[in-house]
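Asks: I am sharing my_file_2.pdb, which consists of PDB, C-alpha atoms (C1' of nucleotides):
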ATOM      1  CA  MET A   1       0.000   0.000   0.000
ATOM      2  CA  SER A   2       1.585   3.256  -1.096
ATOM      3  CA  ALA A   3       1.932   6.204   1.242
ATOM      4  CA  SER A   4      -0.821   8.097  -0.509
ATOM      5  CA  THR A   5      -3.224   5.131  -0.490
ATOM      6  CA  LYS A   6      -2.589   4.632   3.210
ATOM      7  CA  LEU A   7      -3.336   8.278   3.849
ATOM      8  CA  SER A   8      -6.615   8.303   1.960
ATOM      9  CA  THR A   9      -7.672   4.994   3.507
ATOM     10  CA  ALA A  10      -6.953   6.320   7.002
ATOM     11  CA  VAL A  11      -9.000   9.443   6.293
ATOM     12  CA  LYS A  12     -11.908   7.344   4.990
ATOM     13  CA  ALA A  13     -11.882   5.335   8.205
ATOM     14  CA  LEU A  14     -11.666   8.453  10.364
ATOM     15  CA  CYS A  15     -14.585  10.084   8.535
ATOM     16  CA  LEU A  16     -16.758   7.026   9.090
ATOM     17  CA  ILE A  17     -15.797   6.911  12.765
ATOM     18  CA  ALA A  18     -16.588  10.613  13.081
ATOM     19  CA  GLU A  19     -20.160  10.046  11.874
ATOM     20  CA  ASP A  20     -21.136   8.952  15.378
ATOM     21  CA  ASN A  21     -18.336   9.097  17.883
ATOM     22  CA  ASN A  22     -20.475   7.680  20.718
ATOM     23  CA  SER A  23     -20.617   4.141  19.387
ATOM     24  CA  PRO A  24     -17.284   2.541  18.482
ATOM     25  CA  LYS A  25     -16.952   1.217  14.943
ATOM     26  CA  THR A  26     -15.329  -2.169  14.402
ATOM     27  CA  SER A  27     -12.811  -2.895  11.678
ATOM     28  CA  THR A  28     -15.401  -5.220  10.108
ATOM     29  CA  VAL A  29     -17.950  -2.423   9.765
ATOM     30  CA  ILE A  30     -15.382  -0.021   8.335
ATOM     31  CA  SER A  31     -14.183  -2.757   5.990
ATOM     32  CA  THR A  32     -17.690  -3.276   4.620
ATOM     33  CA  ARG A  33     -18.190   0.424   4.004
ATOM     34  CA  THR A  34     -14.765   1.149   2.495
ATOM     35  CA  GLY A  35     -13.940  -2.084   0.694
ATOM     36  CA  VAL A  36     -10.598  -2.229   2.515
ATOM     37  CA  ASN A  37      -9.597  -5.503   4.177
ATOM     38  CA  ALA A  38     -10.327  -5.534   7.922
ATOM     39  CA  SER A  39      -6.829  -6.730   8.889
ATOM     40  CA  LYS A  40      -5.281  -3.917   6.940
ATOM     41  CA  LEU A  41      -7.601  -1.419   8.567
ATOM     42  CA  ARG A  42      -6.657  -2.698  11.996
ATOM     43  CA  MET A  43      -2.981  -2.234  11.137
ATOM     44  CA  LEU A  44      -3.591   1.371  10.098
ATOM     45  CA  LEU A  45      -5.915   2.149  12.994
ATOM     46  CA  SER A  46      -3.583   0.631  15.581
ATOM     47  CA  MET A  47      -0.947   3.106  14.401
ATOM     48  CA  LEU A  48      -3.425   5.953  14.702
ATOM     49  CA  ALA A  49      -4.197   4.694  18.218
ATOM     50  CA  LYS A  50      -0.510   4.747  19.168
ATOM     51  CA  SER A  51      -0.243   8.394  18.189
ATOM     52  CA  GLY A  52      -3.403   9.282  20.114
ATOM     53  CA  ILE A  53      -5.686  10.082  17.186
ATOM     54  CA  VAL A  54      -8.139   7.280  17.970
ATOM     55  CA  ASN A  55      -8.950   5.094  20.949
ATOM     56  CA  SER A  56      -9.387   1.381  20.446
ATOM     57  CA  GLY A  57     -11.307  -1.089  22.595
ATOM     58  CA  LYS A  58     -11.300  -4.869  22.481
ATOM     59  CA  GLY A  59     -14.207  -7.212  23.101
ATOM     60  CA  SER A  60     -17.877  -7.163  22.316
ATOM     61  CA  LYS A  61     -18.391  -3.422  22.827
ATOM     62  CA  GLY A  62     -15.049  -2.706  21.231
ATOM     63  CA  GLY A  63     -13.985  -0.851  18.139
ATOM     64  CA  PHE A  64     -12.538   2.553  17.310
ATOM     65  CA  ILE A  65     -13.546   6.080  18.310
ATOM     66  CA  LEU A  66     -11.858   9.433  17.777
ATOM     67  CA  ASN A  67      -9.709  10.634  20.642
ATOM     68  CA  LYS A  68      -9.681  14.262  19.470
ATOM     69  CA  ASP A  69     -11.966  16.828  17.962
ATOM     70  CA  PRO A  70     -11.845  16.549  14.138
ATOM     71  CA  LYS A  71     -10.853  20.226  14.139
ATOM     72  CA  ASP A  72      -7.656  19.262  15.931
ATOM     73  CA  ILE A  73      -6.674  16.341  13.698
ATOM     74  CA  HIS A  74      -4.531  17.365  10.742
ATOM     75  CA  LEU A  75      -3.503  15.467   7.650
ATOM     76  CA  GLN A  76       0.178  15.768   8.417
ATOM     77  CA  GLU A  77      -0.378  14.164  11.809
ATOM     78  CA  ILE A  78      -2.255  11.270  10.225
ATOM     79  CA  TYR A  79       0.384  10.898   7.545
ATOM     80  CA  CYS A  80       3.251  10.795  10.055
ATOM     81  CA  SER A  81       1.436   8.220  12.182
ATOM     82  CA  ILE A  82       1.056   5.699   9.403
ATOM     83  CA  GLU A  83       4.214   6.263   7.392
ATOM     84  CA  ASP A  84       7.750   5.497   8.564
ATOM     85  CA  ARG A  85       9.383   5.954   5.222
ATOM     86  CA  LYS A  86      10.539   9.490   4.714
ATOM     87  CA  ALA A  87       8.385  11.366   2.288
ATOM     88  CA  PHE A  88       6.480  10.221  -0.722
ATOM     89  CA  HIS A  89       9.334   7.906  -1.602
ATOM     90  CA  LEU A  90      11.633  10.358  -3.303
ATOM     91  CA  ASP A  91      14.959   8.625  -3.711
ATOM     92  CA  VAL A  92      18.212   8.690  -5.649
ATOM     93  CA  GLN A  93      20.475   5.906  -6.814
ATOM     94  CA  LYS A  94      23.510   5.316  -4.648
ATOM     95  CA  PHE A  95      26.903   5.570  -6.306
ATOM     96  CA  LEU A  96      30.220   4.656  -4.738
ATOM     97  CA  GLY A  97      32.390   7.302  -6.339
ATOM     98  CA  HIS A  98      34.741   9.654  -4.588
ATOM     99  CA  HIS A  99      33.437  12.567  -2.649
ATOM    100  CA  LEU A 100      33.668  15.240  -5.337
ATOM    101  CA  SER A 101      32.533  13.188  -8.334
ATOM    102  CA  ILE A 102      29.566  14.574 -10.239
ATOM    103  CA  PRO A 103      27.256  11.611  -9.485
ATOM    104  CA  VAL A 104      27.843  11.936  -5.740
ATOM    105  CA  GLN A 105      27.335  15.700  -5.815
ATOM    106  CA  ILE A 106      24.138  15.336  -7.863
ATOM    107  CA  ASN A 107      22.859  12.731  -5.427
ATOM    108  CA  ASN A 108      23.363  15.170  -2.582
ATOM    109  CA  TYR A 109      21.728  17.940  -4.574
ATOM    110  CA  PHE A 110      18.606  15.841  -5.161
ATOM    111  CA  LEU A 111      18.466  14.506  -1.625
ATOM    112  CA  ASP A 112      18.297  18.146  -0.511
ATOM    113  CA  LEU A 113      15.723  19.043  -3.153
ATOM    114  CA  PHE A 114      13.518  16.062  -2.325
ATOM    115  CA  ALA A 115      13.744  16.889   1.382
ATOM    116  CA  GLU A 116      12.596  20.415   0.573
ATOM    117  CA  ILE A 117       9.667  19.058  -1.441
ATOM    118  CA  GLN A 118       8.794  16.797   1.458
ATOM    119  CA  VAL A 119       8.659  19.789   3.794
ATOM    120  CA  ASP A 120       6.440  21.646   1.323
ATOM    121  CA  ILE A 121       4.026  18.719   1.159
ATOM    122  CA  GLU A 122       3.887  18.358   4.926
ATOM    123  CA  ASP A 123       3.316  22.094   5.354
ATOM    124  CA  LYS A 124       0.395  21.818   2.994
ATOM    125  CA  MET A 125      -1.012  18.889   4.962
ATOM    126  CA  LYS A 126      -0.607  20.695   8.277
ATOM    127  CA  LYS A 127      -3.163  23.232   7.114
ATOM    128  CA  ILE A 128      -5.854  20.623   6.414
ATOM    129  CA  SER A 129      -7.987  19.385   9.322
ATOM    130  CA  LEU A 130     -10.190  16.304   9.333
ATOM    131  CA  GLN A 131     -13.112  18.622  10.046
ATOM    132  CA  SER A 132     -12.475  20.594   6.856
ATOM    133  CA  ILE A 133     -12.645  17.364   4.840
ATOM    134  CA  ILE A 134     -15.871  16.298   6.594
ATOM    135  CA  ASP A 135     -17.377  19.713   5.839
ATOM    136  CA  LYS A 136     -16.650  19.265   2.158
ATOM    137  CA  LEU A 137     -18.387  15.879   2.139
ATOM    138  CA  GLU A 138     -21.610  17.281   3.577
ATOM    139  CA  LYS A 139     -21.933  19.877   0.844
TER     140      LYS A 139
ATOM    141  CA  MET B   1      13.586   2.865 -11.361
ATOM    142  CA  SER B   2      11.499   5.370  -9.445
ATOM    143  CA  ALA B   3      10.582   8.737 -10.883
ATOM    144  CA  SER B   4      13.015  10.521  -8.627
ATOM    145  CA  THR B   5      15.877   8.139  -9.411
ATOM    146  CA  LYS B   6      15.232   8.566 -13.114
ATOM    147  CA  LEU B   7      15.319  12.323 -12.709
ATOM    148  CA  SER B   8      18.596  12.394 -10.825
ATOM    149  CA  THR B   9      20.161   9.883 -13.220
ATOM    150  CA  ALA B  10      19.120  11.983 -16.214
ATOM    151  CA  VAL B  11      20.616  15.097 -14.638
ATOM    152  CA  LYS B  12      23.872  13.263 -13.926
ATOM    153  CA  ALA B  13      24.089  12.241 -17.570
ATOM    154  CA  LEU B  14      23.269  15.769 -18.778
ATOM    155  CA  CYS B  15      25.912  17.308 -16.520
ATOM    156  CA  LEU B  16      28.559  14.958 -17.873
ATOM    157  CA  ILE B  17      27.500  15.702 -21.459
ATOM    158  CA  ALA B  18      27.633  19.427 -20.685
ATOM    159  CA  GLU B  19      31.301  19.188 -19.656
ATOM    160  CA  ASP B  20      32.323  19.279 -23.296
ATOM    161  CA  ASN B  21      29.458  19.632 -25.717
ATOM    162  CA  ASN B  22      31.693  19.445 -28.789
ATOM    163  CA  SER B  23      32.480  15.756 -28.532
ATOM    164  CA  PRO B  24      29.505  13.418 -28.162
ATOM    165  CA  LYS B  25      29.556  11.136 -25.113
ATOM    166  CA  THR B  26      28.558   7.497 -25.583
ATOM    167  CA  SER B  27      26.304   5.600 -23.203
ATOM    168  CA  THR B  28      29.309   3.433 -22.323
ATOM    169  CA  VAL B  29      31.348   6.425 -21.167
ATOM    170  CA  ILE B  30      28.445   7.841 -19.157
ATOM    171  CA  SER B  31      27.828   4.402 -17.686
ATOM    172  CA  THR B  32      31.416   4.159 -16.464
ATOM    173  CA  ARG B  33      31.304   7.573 -14.836
ATOM    174  CA  THR B  34      27.847   7.228 -13.235
ATOM    175  CA  GLY B  35      27.668   3.533 -12.423
ATOM    176  CA  VAL B  36      24.342   3.302 -14.256
ATOM    177  CA  ASN B  37      23.869   0.489 -16.792
ATOM    178  CA  ALA B  38      24.454   1.622 -20.384
ATOM    179  CA  SER B  39      21.193   0.136 -21.684
ATOM    180  CA  LYS B  40      19.236   1.986 -19.061
ATOM    181  CA  LEU B  41      21.029   5.222 -19.879
ATOM    182  CA  ARG B  42      20.204   4.782 -23.560
ATOM    183  CA  MET B  43      16.527   4.343 -22.641
ATOM    184  CA  LEU B  44      16.539   7.567 -20.626
ATOM    185  CA  LEU B  45      18.597   9.517 -23.152
ATOM    186  CA  SER B  46      16.472   8.390 -26.084
ATOM    187  CA  MET B  47      13.486   9.947 -24.304
ATOM    188  CA  LEU B  48      15.429  13.160 -23.778
ATOM    189  CA  ALA B  49      16.283  13.070 -27.492
ATOM    190  CA  LYS B  50      12.615  12.745 -28.434
ATOM    191  CA  SER B  51      11.774  15.880 -26.514
ATOM    192  CA  GLY B  52      14.651  17.791 -28.026
ATOM    193  CA  ILE B  53      16.860  18.149 -24.971
ATOM    194  CA  VAL B  54      19.727  16.146 -26.458
ATOM    195  CA  ASN B  55      20.794  15.050 -29.914
ATOM    196  CA  SER B  56      21.863  11.476 -30.478
ATOM    197  CA  GLY B  57      24.095  10.069 -33.180
ATOM    198  CA  LYS B  58      24.736   6.483 -34.166
ATOM    199  CA  GLY B  59      27.961   4.956 -35.392
ATOM    200  CA  SER B  60      31.583   5.431 -34.582
ATOM    201  CA  LYS B  61      31.427   9.180 -33.982
ATOM    202  CA  GLY B  62      28.088   8.814 -32.283
ATOM    203  CA  GLY B  63      26.862   9.542 -28.822
ATOM    204  CA  PHE B  64      24.891  12.276 -27.081
ATOM    205  CA  ILE B  65      25.246  16.056 -27.035
ATOM    206  CA  LEU B  66      23.042  18.770 -25.614
ATOM    207  CA  ASN B  67      20.612  20.343 -28.069
ATOM    208  CA  LYS B  68      20.004  23.434 -25.926
ATOM    209  CA  ASP B  69      21.874  25.842 -23.732
ATOM    210  CA  PRO B  70      21.938  24.491 -20.137
ATOM    211  CA  LYS B  71      20.330  27.791 -19.103
ATOM    212  CA  ASP B  72      17.287  26.809 -21.172
ATOM    213  CA  ILE B  73      16.893  23.270 -19.858
ATOM    214  CA  HIS B  74      14.704  23.048 -16.768
ATOM    215  CA  LEU B  75      14.119  20.205 -14.345
ATOM    216  CA  GLN B  76      10.431  20.067 -15.077
ATOM    217  CA  GLU B  77      11.143  19.590 -18.768
ATOM    218  CA  ILE B  78      13.534  16.734 -18.023
ATOM    219  CA  TYR B  79      11.084  15.189 -15.605
ATOM    220  CA  CYS B  80       8.206  15.281 -18.084
ATOM    221  CA  SER B  81      10.357  13.747 -20.806
ATOM    222  CA  ILE B  82      11.268  10.662 -18.838
ATOM    223  CA  GLU B  83       8.126  10.068 -16.819
ATOM    224  CA  ASP B  84       4.773   9.034 -18.253
ATOM    225  CA  ARG B  85       3.186   8.248 -14.969
ATOM    226  CA  LYS B  86       1.438  11.235 -13.496
ATOM    227  CA  ALA B  87       3.313  12.738 -10.613
ATOM    228  CA  PHE B  88       5.503  11.186  -7.987
ATOM    229  CA  HIS B  89       3.158   8.232  -7.856
ATOM    230  CA  LEU B  90       0.483   9.666  -5.610
ATOM    231  CA  ASP B  91      -2.474   7.339  -5.819
ATOM    232  CA  VAL B  92      -5.642   6.292  -4.029
ATOM    233  CA  GLN B  93      -7.366   2.938  -3.764
ATOM    234  CA  LYS B  94     -10.293   2.468  -6.110
ATOM    235  CA  PHE B  95     -13.649   1.641  -4.581
ATOM    236  CA  LEU B  96     -16.772   0.645  -6.462
ATOM    237  CA  GLY B  97     -19.373   2.295  -4.257
ATOM    238  CA  HIS B  98     -22.115   4.607  -5.347
ATOM    239  CA  HIS B  99     -21.362   8.131  -6.347
ATOM    240  CA  LEU B 100     -22.060   9.854  -3.030
ATOM    241  CA  SER B 101     -20.494   7.293  -0.689
ATOM    242  CA  ILE B 102     -17.789   8.601   1.625
ATOM    243  CA  PRO B 103     -15.006   6.415   0.152
ATOM    244  CA  VAL B 104     -15.708   7.677  -3.368
ATOM    245  CA  GLN B 105     -15.863  11.285  -2.230
ATOM    246  CA  ILE B 106     -12.634  10.930  -0.264
ATOM    247  CA  ASN B 107     -10.968   9.364  -3.281
ATOM    248  CA  ASN B 108     -11.930  12.383  -5.335
ATOM    249  CA  TYR B 109     -10.782  14.719  -2.611
ATOM    250  CA  PHE B 110      -7.327  13.132  -2.537
ATOM    251  CA  LEU B 111      -7.027  12.881  -6.286
ATOM    252  CA  ASP B 112      -7.522  16.651  -6.338
ATOM    253  CA  LEU B 113      -5.103  17.211  -3.471
ATOM    254  CA  PHE B 114      -2.424  15.032  -5.032
ATOM    255  CA  ALA B 115      -2.876  16.785  -8.373
ATOM    256  CA  GLU B 116      -2.337  20.101  -6.575
ATOM    257  CA  ILE B 117       0.818  18.771  -4.933
ATOM    258  CA  GLN B 118       1.993  17.581  -8.323
ATOM    259  CA  VAL B 119       1.547  21.092  -9.728
ATOM    260  CA  ASP B 120       3.459  22.546  -6.777
ATOM    261  CA  ILE B 121       6.353  20.161  -7.391
ATOM    262  CA  GLU B 122       6.441  20.892 -11.100
ATOM    263  CA  ASP B 123       6.335  24.648 -10.446
ATOM    264  CA  LYS B 124       9.324  24.247  -8.190
ATOM    265  CA  MET B 125      11.154  22.265 -10.884
ATOM    266  CA  LYS B 126      10.358  24.827 -13.563
ATOM    267  CA  LYS B 127      12.477  27.338 -11.676
ATOM    268  CA  ILE B 128      15.587  25.148 -11.685
ATOM    269  CA  SER B 129      17.804  25.147 -14.781
ATOM    270  CA  LEU B 130      20.497  22.625 -15.616
ATOM    271  CA  GLN B 131      22.957  25.540 -15.599
ATOM    272  CA  SER B 132      22.081  26.392 -11.990
ATOM    273  CA  ILE B 133      22.882  22.824 -10.980
ATOM    274  CA  ILE B 134      26.171  22.860 -12.901
ATOM    275  CA  ASP B 135      27.092  26.134 -11.189
ATOM    276  CA  LYS B 136      26.579  24.583  -7.788
ATOM    277  CA  LEU B 137      28.879  21.687  -8.705
ATOM    278  CA  GLU B 138      31.749  23.987  -9.626
ATOM    279  CA  LYS B 139      31.703  25.753  -6.277
TER     280      LYS B 139
ATOM    281  C1'  DC C   1     -16.456 -19.547  34.388
ATOM    282  C1'  DT C   2     -17.383 -19.953  29.846
ATOM    283  C1'  DT C   3     -18.362 -18.174  25.451
ATOM    284  C1'  DA C   4     -18.338 -14.652  22.016
ATOM    285  C1'  DT C   5     -16.270 -10.695  20.245
ATOM    286  C1'  DT C   6     -12.693  -7.694  18.695
ATOM    287  C1'  DT C   7      -8.146  -5.760  18.545
ATOM    288  C1'  DG C   8      -3.193  -6.219  17.537
ATOM    289  C1'  DT C   9       0.227  -8.676  15.296
ATOM    290  C1'  DT C  10       2.526 -12.120  12.652
ATOM    291  C1'  DA C  11       2.722 -15.163   8.928
ATOM    292  C1'  DT C  12       2.013 -16.681   4.306
ATOM    293  C1'  DA C  13       1.133 -17.647  -0.346
ATOM    294  C1'  DG C  14       0.398 -15.467  -4.761
ATOM    295  C1'  DT C  15       1.149 -11.984  -7.608
ATOM    296  C1'  DT C  16       3.063  -7.990  -9.453
ATOM    297  C1'  DA C  17       6.721  -4.873 -10.237
ATOM    298  C1'  DC C  18      11.306  -3.815 -10.538
ATOM    299  C1'  DT C  19      16.306  -4.596 -11.790
ATOM    300  C1'  DG C  20      20.078  -5.384 -14.244
ATOM    301  C1'  DT C  21      21.635  -7.341 -18.169
ATOM    302  C1'  DA C  22      21.726  -9.304 -22.620
ATOM    303  C1'  DA C  23      20.712  -9.279 -27.413
ATOM    304  C1'  DC C  24      20.231  -7.474 -31.792
ATOM    305  C1'  DA C  25      18.417  -4.681 -35.731
ATOM    306  C1'  DA C  26      19.186  -0.145 -37.720
ATOM    307  C1'  DA C  27      22.063   3.609 -38.545
ATOM    308  C1'  DT C  28      26.480   5.653 -39.138
ATOM    309  C1'  DT C  29      31.382   6.157 -39.950
ATOM    310  C1'  DA C  30      35.743   4.765 -41.755
TER     311       DA C  30
ATOM    312  C1'  DT D   1      32.948  -4.496 -45.445
ATOM    313  C1'  DA D   2      33.857  -4.038 -40.690
ATOM    314  C1'  DA D   3      33.398  -1.557 -36.493
ATOM    315  C1'  DT D   4      30.735   1.283 -33.636
ATOM    316  C1'  DT D   5      26.756   3.043 -31.304
ATOM    317  C1'  DT D   6      21.960   4.004 -30.660
ATOM    318  C1'  DG D   7      17.206   2.408 -29.862
ATOM    319  C1'  DT D   8      14.390  -1.133 -28.472
ATOM    320  C1'  DT D   9      12.837  -5.569 -26.908
ATOM    321  C1'  DA D  10      13.254  -9.489 -24.106
ATOM    322  C1'  DC D  11      14.230 -12.046 -20.097
ATOM    323  C1'  DA D  12      15.478 -14.236 -15.866
ATOM    324  C1'  DG D  13      16.031 -13.249 -11.068
ATOM    325  C1'  DT D  14      14.780 -10.788  -7.248
ATOM    326  C1'  DA D  15      12.430  -7.748  -4.341
ATOM    327  C1'  DA D  16       8.119  -5.656  -3.005
ATOM    328  C1'  DC D  17       3.498  -5.585  -2.541
ATOM    329  C1'  DT D  18      -1.278  -7.570  -1.791
ATOM    330  C1'  DA D  19      -4.795  -9.695   0.263
ATOM    331  C1'  DT D  20      -5.938 -12.771   3.388
ATOM    332  C1'  DA D  21      -5.626 -15.958   7.131
ATOM    333  C1'  DA D  22      -4.584 -17.139  11.743
ATOM    334  C1'  DC D  23      -4.368 -16.627  16.466
ATOM    335  C1'  DA D  24      -3.050 -14.767  21.104
ATOM    336  C1'  DA D  25      -4.621 -11.206  24.290
ATOM    337  C1'  DA D  26      -8.115  -8.407  26.038
ATOM    338  C1'  DT D  27     -12.813  -7.392  26.999
ATOM    339  C1'  DA D  28     -17.727  -7.969  27.756
ATOM    340  C1'  DA D  29     -21.903 -10.686  28.569
ATOM    341  C1'  DG D  30     -24.544 -14.333  30.283
TER     342       DG D  30
END
Any chance you could give the structure as structure tokens?
Replies:
Amino acid sequence: MSASTKLSTAVKALCLIAEDNNSPKTSTVISTRTGVNASKLRMLLSMLAKSGIVNSGKGSKGGFILNKDPKDIHLQEIYCSIEDRKAFHLDVQKFLGHHLSIPVQINNYFLDLFAEIQVDIEDKMKKISLQSIIDKLEK
Amino acid sequence: MSASTKLSTAVKALCLIAEDNNSPKTSTVISTRTGVNASKLRMLLSMLAKSGIVNSGKGSKGGFILNKDPKDIHLQEIYCSIEDRKAFHLDVQKFLGHHLSIPVQINNYFLDLFAEIQVDIEDKMKKISLQSIIDKLEK
DNA sequence: CTTATTTGTTATAGTTACTGTAACAAATTA
DNA sequence: TAATTTGTTACAGTAACTATAACAAATAAG
């Protein structure tokens, strides 16, 4: 599952949970509504639980609820919870040349550039709250 | 080869070609200096040739030369020449629900967001010329 | 206490995608 | 005619991803 698919899947799940935050939603219910496998959802949601975005409960009254107001949940936060890998997978090919060779210097140049792009993307995502996405859906 | 690896590899090749644009450089020579397989370089460079960034010549005096001033070659142009796939591979998972279901709406939301990010990245790349990269190497 | 439910995590089998290389026709030069 | 080099296709090997299954641990209910 790519970083961007994970992100959109997580947001789908969070929107469904937000519909009624009084009754926990199980991974099975979310799976039925989103078409995403329940195991996979549990993997994503357990990561969101670890970073305090949702609460999870086991057993017959178990499931997932939001642990924060949707106004206070931002895309960047969700993204960082579910994605270890730096960035949207912007990489360069390693080359074992000496320090001042062109390939090595270009690698460093692009590592810097891709890091900058990553920051830009995360800044953009910091400005987007879960609530703002929910508002757009209700239109 | 990921989009970003392709891009940095192409720039490496172009920088080496730019060193002396009077004598064409063969894929074998560029391969030796970059550590990238010659066949793969030919694939990349043939795409750059199709979009007019380099000229290629076959035979014993053949090889690749730049077809433009490095000041007039921009990263975005290089990127678009070598990459069919839209963007840095930002995707969402398809879901066959009805038109107004949350998963479908979220998919559309993220497709728009990722398209916006793609435009941001390309705008950034439009401002970077091959010459500006070469200048940084000579420092 | 036992049974049912649900998360959290690991494992697994099947498939897809990527990687590096080879191979060779077509074009060019000598 | 022979040597060189691009441009393109093919291919085998490997790595990565996908979807699902499986099950221990925790919780709730009867």
Asks: Give me the residues near Ser51 in chain A as a count of residues only, where near means some atom within 9 Å (using all atoms listed in the file) and where sequence neighbours in that chain fewer than 4 positions away do not count.
Replies: 5
Asks: I'd like to see the residues matched by the PyMOL selection byres ((chain C and resi 23) around 12) on this file, and ideally I'd get them as JSON, numbers by chain.
Replies: {"B": [39], "C": [21, 22, 24, 25], "D": [8, 9, 10, 11]}
Asks: Compare A:Ala18, A:Ala3, A:Ile102, A:Val29 by their minimum atom-to-atom distance to chain C, counting only C-alpha atoms (C1' of nucleotides), and give me the closest one.
Replies: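 Among the listed residues, the smallest separation from chain C belongs to A:Val29.
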Asks: Which residues are close to DA11 in chain C, i.e. within 12 Å by all atoms listed in the file, leaving aside same-chain residues fewer than 2 positions away? Reply as a PyMOL selection string.
Replies: (chain C and resi 9+13) or (chain D and resi 20-23)
Asks: Would you pick out the contacts of Phe110 in chain A at 10 Å or less, using all atoms listed in the file, so that residues sharing its chain but fewer than 3 positions from it are not included, and give the list as a list of chain:residue names?
Replies: A:Leu90, A:Asp91, A:Val92, A:Gln105, A:Ile106, A:Asn107, A:Leu113, A:Phe114, A:Ala115, A:Glu116, B:Ser4, B:Thr5, B:Leu7, B:Ser8, B:Val11
Asks: Counting all atoms listed in the file, a student should be able to say which residues of chain C come within 12 Å of chain A; what is the right answer, written as a list in words?
Replies: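 For chain C, the answer reads DT3, DA4, DT5, DT6, DT7, DG8, DT9 and DT10 of chain C.
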Asks: On this file, the PyMOL selection byres ((chain D) within 10 of (chain B)) gives some set of residues; write that set as JSON, numbers by chain.
Replies: {"D": [3, 4, 5, 6, 7, 8]}
Asks: Taking the file as shown, find all residues satisfying the PyMOL selection byres ((chain A and resi 72) around 12) and write them as number ranges by chain.
Replies: A: 52-53, 66-71, 73-78, 126-132
Asks: Figure out the distance between CA of Tyr79 in chain A and CA of Ser23 in chain A, please, to one decimal in Å.
Replies: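 Here the two named atoms are 25.0 Å from each other.
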Asks: So the first atom is CA of Ser2 in chain A and the second is CA of Val36 in chain B; what is the distance between them in Å, to one decimal place?
Replies: 26.3 Å
Asks: Tell me which of D:DA12, D:DA2, D:DA24, D:DC17 sits closest to DG20 in chain C, counting only C-alpha atoms (C1' of nucleotides).
Replies: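 When distances to DG20 in chain C are compared using only C-alpha atoms (C1' of nucleotides), the smallest one comes from D:DA12.
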Asks: Could you pull the residues within 10 Å of DC18 in chain C, counting only C-alpha atoms (C1' of nucleotides), minus those fewer than 3 positions along the same chain, as a PyMOL selection string?
Replies: (chain B and resi 1-2) or (chain D and resi 14-16)
Asks: Interatomic distance between CA of Leu16 in chain B and CA of Ile30 in chain B?
Replies: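 Separation of CA of Leu16 in chain B and CA of Ile30 in chain B: 7.2 Å.
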